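Everything below concerns the one structure shown next.
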Amino acid sequence: ADWAGQEKVYNETMAELLAKWEEMGKPTMIVGCTTCEQQFKAAAPGMKILNLWQIFAEHGLPNLKRHPQTVAVHDACTARHDTEVQEAVRKILEQANYKVDELKFSKEKTKCCGYGGLVFYGDKGMAETHVNERVKESPLPYVAYCSVCRDFFVRAQKPTYHILDVIWGKDTLEKANQKGANISEKEINRIKLKRDLLKKYWH
């Protein structure tokens, strides 16, 4: 809503989220999306936020079989100035015995995947140009920690893992080439996840 200029929708949605957070006693917010983290920091400066990648980097990875290799990391544009998150992702890869060959445009110089600001919906041709330029920067498979970036690259025939694939030992070539869910499938997945969490942890 924010990127689309839908200020009223954004304010209403964020107000609802923050009201629920306050009702719960303002717990620490754990996020796996740097855009969400950026939005919450702006809307509630007092909110304590932890990024999921920092938690794994600090506490270690599950003891699983993985497929270590040399990869290039694509930093999400909303993590451009978040050095802690950037380093956490690389620490996870190091713990998984991966080697990182840095892209020329990484960390604070990272490039947008073509989705940021909803470019894909405003100018699909421009978005595809961004994606195609980005995937040609290295012959190596990429690792992304934004699901949208990851899905855009795979759509452009670039083998790309999500960092969760590495964490949970799903880092196969088949997984790196697996097409992402569409917007409807993502919504269905969220509903299923919520139901599973409510049943398993809150009975």
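Quick note on naming: the chains in the structure tokens go A, B, ... in the order shown, residues restart at 1 in each chain, and ligands are numbered from 1 in order of appearance.
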request  = Please run DSSP on the backbone and report, as a ChimeraX atom specification, all residues within range 133-171 of chain A that come out as helix (DSSP H, G or I).
outcome  = /A:133-135,147-155,163-167
Export C-alpha atoms of the chosen residues as a JSON list (two decimals), in the first residue's frame?
[["chain", "number", "residue", "atom", "x", "y", "z"],
["A", 133, "GLU", "CA", 20.93, -7.03, -15.94],
["A", 134, "ARG", "CA", 21.18, -8.32, -12.39],
["A", 135, "VAL", "CA", 21.26, -12.02, -13.23],
["A", 147, "SER", "CA", 11.33, -14.17, -1.59],
["A", 148, "VAL", "CA", 10.27, -11.69, -4.28],
["A", 149, "CYS", "CA", 13.87, -11.12, -5.44],
["A", 150, "ARG", "CA", 14.44, -14.86, -5.46],
["A", 151, "ASP", "CA", 11.31, -15.55, -7.53],
["A", 152, "PHE", "CA", 12.11, -12.79, -10.04],
["A", 153, "PHE", "CA", 15.59, -14.22, -10.66],
["A", 154, "VAL", "CA", 14.30, -17.78, -11.12],
["A", 155, "ARG", "CA", 11.74, -16.46, -13.59],
["A", 163, "ILE", "CA", 18.55, -18.32, 2.49],
["A", 164, "LEU", "CA", 15.91, -20.55, 4.14],
["A", 165, "ASP", "CA", 16.73, -23.25, 1.56],
["A", 166, "VAL", "CA", 20.28, -23.27, 2.91],
["A", 167, "ILE", "CA", 19.21, -23.13, 6.57]]
query = Closest to Trp168 in chain A among A:His67, A:His74, A:Lys104, A:Arg190, using only C-alpha atoms?
reply =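 Among the listed residues, A:His67 lies closest to Trp168 in chain A.
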Atomic distance CA of Lys107 in chain A - CA of Asp75 in chain A, expressed in Å with one decimal = 5.8 Å
task = Choose the residue, out of A:Thr35, A:Thr83, A:Gln157, A:Asn97, that has the smallest atom-to-atom separation from Gln69 in chain A; count only C-alpha atoms.
result =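 Counting only C-alpha atoms, the residue closest to Gln69 in chain A is A:Asn97.
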inquiry  = Between CA of Gln178 in chain A and CA of Lys99 in chain A, what distance in Å does the model show, to one decimal?
reply    = 22.2 Å
Could you go through range 2-201 of chain A and tell me which residues DSSP, when run on the backbone, assigns to strand (DSSP E), listing them as an mmCIF file with N, CA, C and O atoms, in the first residue's frame?
data_model
loop_
_atom_site.group_PDB
_atom_site.id
_atom_site.type_symbol
_atom_site.label_atom_id
_atom_site.label_comp_id
_atom_site.auth_asym_id
_atom_site.auth_seq_id
_atom_site.Cartn_x
_atom_site.Cartn_y
_atom_site.Cartn_z
ATOM 1 N N MET A 29 9.405 -8.037 18.012
ATOM 2 C CA MET A 29 8.929 -8.421 16.684
ATOM 3 C C MET A 29 10.066 -9.111 15.940
ATOM 4 O O MET A 29 11.160 -8.550 15.810
ATOM 5 N N ILE A 30 9.821 -10.329 15.473
ATOM 6 C CA ILE A 30 10.820 -11.056 14.685
ATOM 7 C C ILE A 30 10.355 -11.042 13.234
ATOM 8 O O ILE A 30 9.232 -11.439 12.939
ATOM 9 N N VAL A 31 11.201 -10.553 12.353
ATOM 10 C CA VAL A 31 10.840 -10.434 10.942
ATOM 11 C C VAL A 31 11.851 -11.161 10.060
ATOM 12 O O VAL A 31 13.025 -11.252 10.397
ATOM 13 N N ILE A 49 12.915 -4.920 17.409
ATOM 14 C CA ILE A 49 12.820 -5.793 16.237
ATOM 15 C C ILE A 49 14.082 -6.630 16.108
ATOM 16 O O ILE A 49 15.201 -6.128 16.233
ATOM 17 N N LEU A 50 13.896 -7.915 15.868
ATOM 18 C CA LEU A 50 15.013 -8.805 15.561
ATOM 19 C C LEU A 50 14.776 -9.389 14.179
ATOM 20 O O LEU A 50 13.648 -9.759 13.834
ATOM 21 N N ASN A 51 15.839 -9.456 13.393
ATOM 22 C CA ASN A 51 15.739 -10.072 12.079
ATOM 23 C C ASN A 51 16.037 -11.563 12.216
ATOM 24 O O ASN A 51 16.963 -11.962 12.928
ATOM 25 N N THR A 70 29.968 -22.442 -4.033
ATOM 26 C CA THR A 70 30.269 -21.018 -4.153
ATOM 27 C C THR A 70 29.070 -20.316 -4.782
ATOM 28 O O THR A 70 28.564 -20.763 -5.816
ATOM 29 N N VAL A 71 28.627 -19.246 -4.149
ATOM 30 C CA VAL A 71 27.447 -18.513 -4.606
ATOM 31 C C VAL A 71 27.718 -17.008 -4.555
ATOM 32 O O VAL A 71 28.691 -16.552 -3.978
ATOM 33 N N ALA A 72 26.814 -16.263 -5.158
ATOM 34 C CA ALA A 72 26.816 -14.798 -5.038
ATOM 35 C C ALA A 72 25.567 -14.410 -4.262
ATOM 36 O O ALA A 72 24.504 -14.997 -4.461
ATOM 37 N N VAL A 73 25.696 -13.448 -3.363
ATOM 38 C CA VAL A 73 24.568 -13.008 -2.548
ATOM 39 C C VAL A 73 23.954 -11.751 -3.149
ATOM 40 O O VAL A 73 24.664 -10.780 -3.438
ATOM 41 N N HIS A 74 22.642 -11.797 -3.333
ATOM 42 C CA HIS A 74 21.913 -10.594 -3.740
ATOM 43 C C HIS A 74 21.315 -9.979 -2.487
ATOM 44 O O HIS A 74 20.497 -10.602 -1.803
ATOM 45 N N LYS A 99 30.876 -20.713 0.173
ATOM 46 C CA LYS A 99 31.823 -19.630 -0.121
ATOM 47 C C LYS A 99 31.067 -18.559 -0.889
ATOM 48 O O LYS A 99 30.289 -18.875 -1.798
ATOM 49 N N VAL A 100 31.284 -17.289 -0.536
ATOM 50 C CA VAL A 100 30.585 -16.181 -1.193
ATOM 51 C C VAL A 100 31.547 -15.413 -2.091
ATOM 52 O O VAL A 100 32.602 -14.974 -1.647
ATOM 53 N N TYR A 142 22.718 -17.652 -7.284
ATOM 54 C CA TYR A 142 22.534 -16.577 -6.310
ATOM 55 C C TYR A 142 21.862 -17.118 -5.048
ATOM 56 O O TYR A 142 21.152 -18.124 -5.077
ATOM 57 N N VAL A 143 22.097 -16.402 -3.946
ATOM 58 C CA VAL A 143 21.334 -16.598 -2.716
ATOM 59 C C VAL A 143 20.668 -15.265 -2.400
ATOM 60 O O VAL A 143 21.329 -14.226 -2.383
ATOM 61 N N ALA A 144 19.366 -15.299 -2.184
ATOM 62 C CA ALA A 144 18.616 -14.087 -1.829
ATOM 63 C C ALA A 144 17.946 -14.302 -0.483
ATOM 64 O O ALA A 144 17.699 -15.443 -0.083
ATOM 65 N N THR A 160 18.532 -19.672 -8.151
ATOM 66 C CA THR A 160 18.613 -18.825 -6.965
ATOM 67 C C THR A 160 17.997 -19.528 -5.763
ATOM 68 O O THR A 160 16.860 -19.999 -5.825
ATOM 69 N N TYR A 161 18.777 -19.586 -4.681
ATOM 70 C CA TYR A 161 18.282 -20.140 -3.431
ATOM 71 C C TYR A 161 17.763 -19.018 -2.549
ATOM 72 O O TYR A 161 18.298 -17.911 -2.574
ATOM 73 N N HIS A 162 16.748 -19.309 -1.760
ATOM 74 C CA HIS A 162 16.419 -18.422 -0.651
ATOM 75 C C HIS A 162 17.284 -18.874 0.510
ATOM 76 O O HIS A 162 17.605 -20.062 0.634
#
Met47 in chain A environment, 8 Å, only C-alpha atoms, sequence neighbours closer than 3 positions dropped, as a ChimeraX atom specification = /A:26,28-29,40-41,44
Between CA of Ala88 in chain A and CA of Trp3 in chain A - distance in Å to one decimal =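 Answer for the CA of Trp3 in chain A to CA of Ala88 in chain A separation: 26.7 Å.
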